[in-house]
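Below is the file coords.cif, which contains mmCIF, C-alpha atoms.
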```cif
data_input
loop_
_atom_site.group_PDB
_atom_site.id
_atom_site.type_symbol
_atom_site.label_atom_id
_atom_site.label_comp_id
_atom_site.auth_asym_id
_atom_site.auth_seq_id
_atom_site.Cartn_x
_atom_site.Cartn_y
_atom_site.Cartn_z
ATOM 1 C CA MET A 21 0.000 0.000 0.000
ATOM 2 C CA PHE A 22 2.965 2.265 0.606
ATOM 3 C CA GLN A 23 3.696 2.072 -3.121
ATOM 4 C CA ILE A 24 0.228 3.343 -4.002
ATOM 5 C CA SER A 25 0.573 6.472 -1.889
ATOM 6 C CA MET A 26 4.069 7.158 -3.170
ATOM 7 C CA THR A 27 2.908 6.612 -6.739
ATOM 8 C CA GLY A 28 0.203 9.193 -6.108
ATOM 9 C CA ILE A 29 2.359 11.815 -4.406
ATOM 10 C CA LEU A 30 5.929 11.375 -5.631
ATOM 11 C CA PRO A 31 5.525 12.599 -9.240
ATOM 12 C CA TYR A 32 4.057 15.902 -8.079
ATOM 13 C CA ALA A 33 6.602 16.356 -5.317
ATOM 14 C CA ILE A 34 9.591 15.631 -7.542
ATOM 15 C CA ASN A 35 8.364 17.707 -10.504
ATOM 16 C CA SER A 36 7.634 20.717 -8.315
ATOM 17 C CA LYS A 37 10.046 23.212 -9.858
ATOM 18 C CA GLN A 38 9.017 26.238 -7.834
ATOM 19 C CA ASP A 39 9.532 24.417 -4.532
ATOM 20 C CA ALA A 40 12.762 22.448 -4.752
ATOM 21 C CA TRP A 41 12.762 21.937 -0.993
ATOM 22 C CA ILE A 42 9.590 19.823 -1.305
ATOM 23 C CA SER A 43 11.525 17.257 -3.334
ATOM 24 C CA ALA A 44 14.286 17.234 -0.738
ATOM 25 C CA MET A 45 11.785 16.835 2.114
ATOM 26 C CA VAL A 46 9.987 13.970 0.355
ATOM 27 C CA ALA A 47 13.288 12.193 -0.227
ATOM 28 C CA LEU A 48 14.311 12.760 3.393
ATOM 29 C CA ILE A 49 10.956 11.480 4.671
ATOM 30 C CA LEU A 50 11.210 8.369 2.496
ATOM 31 C CA VAL A 51 14.702 7.589 3.756
ATOM 32 C CA PHE A 52 13.767 8.300 7.376
ATOM 33 C CA SER A 53 10.585 6.204 7.272
ATOM 34 C CA GLY A 54 12.454 3.336 5.613
ATOM 35 C CA PHE A 55 15.114 3.539 8.318
ATOM 36 C CA LEU A 56 12.444 3.490 11.055
ATOM 37 C CA LEU A 57 10.738 0.462 9.505
ATOM 38 C CA ILE A 58 14.022 -1.429 9.367
ATOM 39 C CA LEU A 59 14.847 -0.410 12.939
ATOM 40 C CA PHE A 60 11.483 -1.584 14.295
ATOM 41 C CA ILE A 61 11.698 -4.871 12.406
ATOM 42 C CA VAL A 62 15.209 -5.559 13.732
ATOM 43 C CA ILE A 63 14.190 -4.677 17.298
ATOM 44 C CA ASN A 64 11.063 -6.834 17.120
ATOM 45 C CA ILE A 65 12.970 -9.817 15.726
ATOM 46 C CA SER A 66 15.633 -9.341 18.410
ATOM 47 C CA ILE A 67 13.029 -9.357 21.178
ATOM 48 C CA LEU A 68 10.620 -11.999 19.888
ATOM 49 C CA GLY A 69 12.734 -14.229 17.716
ATOM 50 C CA VAL A 70 11.963 -15.123 14.133
ATOM 51 C CA SER A 71 9.292 -17.750 14.802
ATOM 52 C CA GLU A 72 7.192 -15.623 17.171
ATOM 53 C CA TYR A 73 7.658 -12.575 14.948
ATOM 54 C CA GLU A 74 6.273 -14.479 11.970
ATOM 55 C CA ARG A 75 3.291 -15.808 13.924
ATOM 56 C CA SER A 76 2.307 -12.489 15.496
ATOM 57 C CA ASN A 77 -0.231 -10.226 13.811
ATOM 58 C CA TYR A 78 1.113 -7.171 15.648
ATOM 59 C CA PRO A 79 4.724 -7.886 16.677
ATOM 60 C CA LEU A 80 5.337 -4.357 18.018
ATOM 61 C CA LEU A 81 2.436 -4.760 20.432
ATOM 62 C CA VAL A 82 3.791 -8.106 21.642
ATOM 63 C CA SER A 83 7.298 -6.643 22.012
ATOM 64 C CA VAL A 84 6.042 -3.703 24.086
ATOM 65 C CA GLY A 85 4.273 -6.172 26.373
ATOM 66 C CA TYR A 86 7.710 -7.333 27.533
ATOM 67 C CA ILE A 87 8.728 -3.865 28.772
ATOM 68 C CA ASN A 88 9.187 -3.723 32.534
ATOM 69 C CA ILE A 89 11.385 -0.962 33.952
ATOM 70 C CA VAL A 90 11.913 -1.201 37.735
ATOM 71 C CA ASP A 91 8.385 -2.620 38.162
ATOM 72 C CA PHE A 92 7.098 0.917 37.582
ATOM 73 C CA ILE A 93 6.929 1.469 33.817
ATOM 74 C CA GLN A 94 4.987 -1.387 32.303
ATOM 75 C CA ARG A 95 1.802 -2.032 30.347
ATOM 76 C CA LEU A 96 2.604 0.472 27.621
ATOM 77 C CA ASP A 97 0.286 -1.376 25.258
ATOM 78 C CA SER A 98 -2.294 1.397 25.311
ATOM 79 C CA PHE A 99 0.242 3.944 24.038
ATOM 80 C CA ILE A 100 1.244 1.654 21.187
ATOM 81 C CA VAL A 101 -2.401 1.109 20.254
ATOM 82 C CA ILE A 102 -2.951 4.880 20.234
ATOM 83 C CA PHE A 103 0.117 5.356 18.003
ATOM 84 C CA MET A 104 -1.060 2.568 15.691
ATOM 85 C CA VAL A 105 -4.541 4.085 15.386
ATOM 86 C CA CYS A 106 -3.031 7.500 14.645
ATOM 87 C CA GLY A 107 -0.738 5.909 12.051
ATOM 88 C CA VAL A 108 -3.651 4.143 10.360
ATOM 89 C CA PHE A 109 -5.615 7.408 10.330
ATOM 90 C CA ILE A 110 -2.711 9.214 8.641
ATOM 91 C CA LYS A 111 -2.269 6.337 6.179
ATOM 92 C CA ILE A 112 -5.962 6.387 5.238
ATOM 93 C CA ALA A 113 -5.867 10.169 4.859
ATOM 94 C CA ILE A 114 -2.876 9.960 2.504
ATOM 95 C CA PHE A 115 -4.470 7.190 0.436
ATOM 96 C CA LEU A 116 -7.743 9.114 0.233
ATOM 97 C CA TYR A 117 -5.899 12.263 -0.844
ATOM 98 C CA CYS A 118 -4.046 10.330 -3.563
ATOM 99 C CA VAL A 119 -7.217 8.697 -4.849
ATOM 100 C CA ILE A 120 -9.140 11.971 -4.941
ATOM 101 C CA PHE A 121 -6.306 13.948 -6.493
ATOM 102 C CA ASN A 122 -5.532 11.335 -9.160
ATOM 103 C CA THR A 123 -9.216 10.751 -9.948
ATOM 104 C CA ALA A 124 -9.739 14.477 -10.396
ATOM 105 C CA GLU A 125 -6.767 14.602 -12.730
ATOM 106 C CA ILE A 126 -7.830 11.562 -14.753
ATOM 107 C CA PHE A 127 -11.402 12.774 -15.253
ATOM 108 C CA ASN A 128 -10.474 16.475 -15.593
ATOM 109 C CA VAL A 129 -12.522 17.563 -12.587
ATOM 110 C CA LYS A 130 -11.711 21.198 -11.848
ATOM 111 C CA LYS A 131 -12.558 21.127 -8.139
ATOM 112 C CA SER A 132 -11.306 17.897 -6.610
ATOM 113 C CA ASP A 133 -13.220 18.560 -3.381
ATOM 114 C CA GLN A 134 -16.384 17.521 -5.237
ATOM 115 C CA LEU A 135 -15.050 13.958 -5.234
ATOM 116 C CA ILE A 136 -14.464 13.673 -1.483
ATOM 117 C CA TYR A 137 -17.922 12.415 -0.493
ATOM 118 C CA PRO A 138 -18.520 9.981 -3.373
ATOM 119 C CA ILE A 139 -15.094 8.381 -3.128
ATOM 120 C CA SER A 140 -15.250 8.225 0.676
ATOM 121 C CA LEU A 141 -18.655 6.559 0.452
ATOM 122 C CA ILE A 142 -17.329 3.997 -2.017
ATOM 123 C CA ILE A 143 -14.379 3.247 0.283
ATOM 124 C CA VAL A 144 -16.625 2.846 3.339
ATOM 125 C CA ILE A 145 -19.010 0.517 1.501
ATOM 126 C CA CYS A 146 -16.143 -1.568 0.110
ATOM 127 C CA SER A 147 -14.504 -1.829 3.527
ATOM 128 C CA ILE A 148 -17.765 -3.009 5.084
ATOM 129 C CA ILE A 149 -18.501 -5.683 2.483
ATOM 130 C CA MET A 150 -14.884 -6.794 2.039
ATOM 131 C CA ALA A 151 -14.665 -9.102 5.038
ATOM 132 C CA ARG A 152 -16.906 -10.059 7.917
ATOM 133 C CA ASN A 153 -14.082 -10.759 10.366
ATOM 134 C CA TYR A 154 -10.316 -10.573 10.746
ATOM 135 C CA ALA A 155 -9.702 -14.160 9.648
ATOM 136 C CA GLU A 156 -11.586 -13.608 6.396
ATOM 137 C CA HIS A 157 -9.689 -10.349 5.894
ATOM 138 C CA ILE A 158 -6.326 -12.132 6.299
ATOM 139 C CA HIS A 159 -7.438 -14.910 3.941
ATOM 140 C CA LYS A 160 -8.409 -12.405 1.246
ATOM 141 C CA ARG A 161 -5.264 -10.329 1.808
ATOM 142 C CA ILE A 162 -2.965 -13.319 1.374
ATOM 143 C CA GLU A 163 -4.706 -15.538 -1.166
ATOM 144 C CA ILE A 164 -7.017 -13.379 -3.290
ATOM 145 C CA ILE A 165 -5.857 -9.752 -3.389
ATOM 146 C CA PRO A 166 -2.308 -10.431 -4.679
ATOM 147 C CA TYR A 167 -3.654 -12.098 -7.812
ATOM 148 C CA LEU A 168 -6.586 -9.799 -8.465
ATOM 149 C CA LEU A 169 -5.020 -6.477 -7.472
ATOM 150 C CA HIS A 170 -1.241 -6.529 -7.036
ATOM 151 C CA VAL A 171 -0.340 -8.506 -10.162
ATOM 152 C CA PRO A 172 -2.376 -6.296 -12.507
ATOM 153 C CA ILE A 173 -1.396 -3.005 -10.856
ATOM 154 C CA GLN A 174 2.282 -3.762 -10.284
ATOM 155 C CA ILE A 175 3.103 -5.983 -13.278
ATOM 156 C CA ILE A 176 0.536 -6.085 -16.077
ATOM 157 C CA ILE A 177 -0.427 -2.391 -16.304
ATOM 158 C CA PRO A 178 3.197 -1.095 -16.142
ATOM 159 C CA ILE A 179 4.268 -3.577 -18.834
ATOM 160 C CA CYS A 180 1.335 -2.532 -21.037
ATOM 161 C CA LEU A 181 2.191 1.142 -20.495
ATOM 162 C CA LEU A 182 5.839 0.440 -21.353
ATOM 163 C CA ILE A 183 4.822 -1.325 -24.561
ATOM 164 C CA ILE A 184 2.502 1.556 -25.489
ATOM 165 C CA ALA A 185 5.260 4.094 -24.777
ATOM 166 C CA LEU A 186 7.748 2.150 -26.916
ATOM 167 C CA ILE A 187 5.248 1.898 -29.780
ATOM 168 C CA GLN A 188 4.526 5.635 -29.568
ATOM 169 C CA LYS A 189 8.247 6.390 -29.533
ATOM 170 C CA LYS A 190 8.822 4.287 -32.677
ATOM 171 C CA MET A 191 5.832 5.904 -34.409
ATOM 172 C CA LYS A 192 7.122 9.398 -33.597
ATOM 173 C CA ALA A 193 10.568 8.446 -34.872
ATOM 174 C CA LYS A 194 9.080 7.424 -38.239
ATOM 175 C CA ILE A 195 7.247 10.740 -38.627
#
```
Please express what this file holds, its structure, as structure tokens.
Amino acid sequence: MFQISMTGILPYAINSKQDAWISAMVALILVFSGFLLILFIVINISILGVSEYERSNYPLLVSVGYINIVDFIQRLDSFIVIFMVCGVFIKIAIFLYCVIFNTAEIFNVKKSDQLIYPISLIIVICSIIMARNYAEHIHKRIEIIPYLLHVPIQIIIPICLLIIALIQKKMKAKI
């Protein structure tokens, strides 16, 4: 999912000629967030071990459960849950922004704020009917979504676009 948001934001941030610092900030944020992800994964694997890390749905939450400093600071699970909820909120907001912005650009909608309610409604309805419980959600995420969504979006469509671009380039060269 990280790729979708970066695909939606990165071209506009990098091609922003009037604000060169935006490109630098986006690059810095990407490097910093990648470093944090690697750091958290290494810490979680160090605390839990590979087998428990692989079996856990939320390894950071399990790792924080082991914190006990002088029998005073413990049970920090609630803080981690709050941070995770805030992170999911920010992630959803970024995805929604990318979808609205790119949809407005594709369909030449002048005011993209007109798309907020319809697209949000579609997302809410799809999230409700997608899975009835967490187990069904995991099943669909692992066994169905990669073939129906990731393969077309990450492999088939880019290859088709590359072929179209190469054909257009050869046709322009002949003219």
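Residues surrounding range 64-79 of chain A within 12 Å are A:Leu57, A:Ile58, A:Leu59, A:Phe60, A:Ser83, A:Val84, A:Gly85, A:Tyr86, A:Ile87, A:Asp97, A:Ile100, A:Val101, A:Met104, A:Tyr154, A:Ala155, A:Ile158 [all atoms listed in the file; sequence separation below 4 positions excluded].
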Put a box with edges along x, y and z around all the listed atoms of range 53-60 of chain A, pad it by 5 Å on each side, then give me its centre and sizes in Å, one decimal, as lines of an AutoDock Vina configuration file.
```
center_x = 12.8
center_y = 2.3
center_z = 10.0
size_x = 14.5
size_y = 17.8
size_z = 18.7
```
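Here CA of Ile139 in chain A is placed at a distance of 9.3 Å from CA of Thr123 in chain A.
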Quote the spacing between CA of Leu168 in chain A and CA of Ile114 in chain A in Å to one decimal place. 22.9 Å
